[in-house]
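Structure first, commentary second.
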Amino acid sequence: MITRVARAEATVQPLPGRTWYTYIDQQNSPAKNVTVGVSIYPAGSRPTGHVHDTQEETVYVASGHGRLVTPDATADLEPGVAVLIAPGTFHITEAGEEGPLELVCLFSPPVVPGSYEERRA
């Protein structure tokens, strides 16, 4: 079995400083252990950071430039780069000034998009 979801079929949710597109989750597929989506940050966006208490998050940069900032490290973001964020790590994503930053995001275990916005460090 496979599940195919195009951007026009993804669930769209505005989040602080970005737009979230849910592609694969427990609502639209048989997935049990992962949530997959895309975050698009407009140029210059720097929303307040957040923490995923129990989820690993892996981000892959599809387009654009920016930075992912944690209390311990900073990762420069550019197309073709992947970054793993450990559970419980406070992080801030900053889009560069030259254009939007598009990140493919995978969470395991699954996450409810936006549920972590209230739990900032």
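Identifiers in this document derive from the order of the structure tokens: chains are assigned A, B, ..., residues are numbered from 1 separately in each chain, and ligands are numbered from 1 in order of occurrence.
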**Residue contacts of Val5 (chain A) (10 Å, only C-alpha atoms) excluding same-chain residues fewer than 4 positions away, as a ChimeraX atom specification** = /A:9-11,22-24,28-29
**Message:** Excluding Gly66 (chain A) and its own-chain neighbours fewer than 2 positions away, which residues fall within 10 Å of it when counting only C-alpha atoms? Please give them as a VMD selection string.
**Reply:** chain A and resid 41 43 to 46 61 63 to 64 68 to 69 75 to 79 93 to 102
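Computed from the coordinates, the CA of Val104 (chain A) to CA of Arg67 (chain A) distance equals 14.6 Å.
For the pair CA of Pro71 (chain A) and CA of Ser108 (chain A), the separation is 22.0 Å.
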**Asked** From the set A:Pro110, A:Lys32, A:Gly17, A:Asp72, which residue has the shortest atom-to-atom contact distance to Glu57 (chain A), counting only C-alpha atoms?
**Response** A:Pro110
**Message:** Just list as a PyMOL selection string whatever in region 34-80 of chain A DSSP marks as strand (DSSP E or B).
**Reply:** chain A and resi 35-41+50+56-63+66-69+74-77
Go ahead and write the residues just picked, C-alpha atoms, as a compact mmCIF listing (two decimals), in the first residue's frame.
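Resulting contents of out_31.txt:
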```txt
# COMPACT_ATOMS: atom_id res chain seq x y z
CA THR A 35 4.19 13.00 10.54
CA VAL A 36 5.54 14.52 7.31
CA GLY A 37 4.97 18.07 6.22
CA VAL A 38 6.45 21.20 4.71
CA SER A 39 7.05 24.52 6.48
CA ILE A 40 7.37 27.62 4.33
CA TYR A 41 8.88 30.68 6.02
CA HIS A 50 9.61 26.09 20.44
CA GLU A 56 12.63 13.81 16.93
CA GLU A 57 12.37 16.30 14.09
CA THR A 58 14.37 15.99 10.91
CA VAL A 59 14.31 18.93 8.51
CA TYR A 60 15.51 18.88 4.93
CA VAL A 61 16.01 22.17 3.11
CA ALA A 62 14.15 22.03 -0.21
CA SER A 63 14.81 25.68 -1.10
CA GLY A 66 18.37 30.48 6.76
CA ARG A 67 19.53 29.22 10.13
CA LEU A 68 18.33 26.80 12.76
CA VAL A 69 19.40 28.05 16.19
CA THR A 74 23.56 26.95 14.97
CA ALA A 75 23.08 25.15 11.65
CA ASP A 76 23.20 27.10 8.41
CA LEU A 77 20.34 26.06 6.17
```
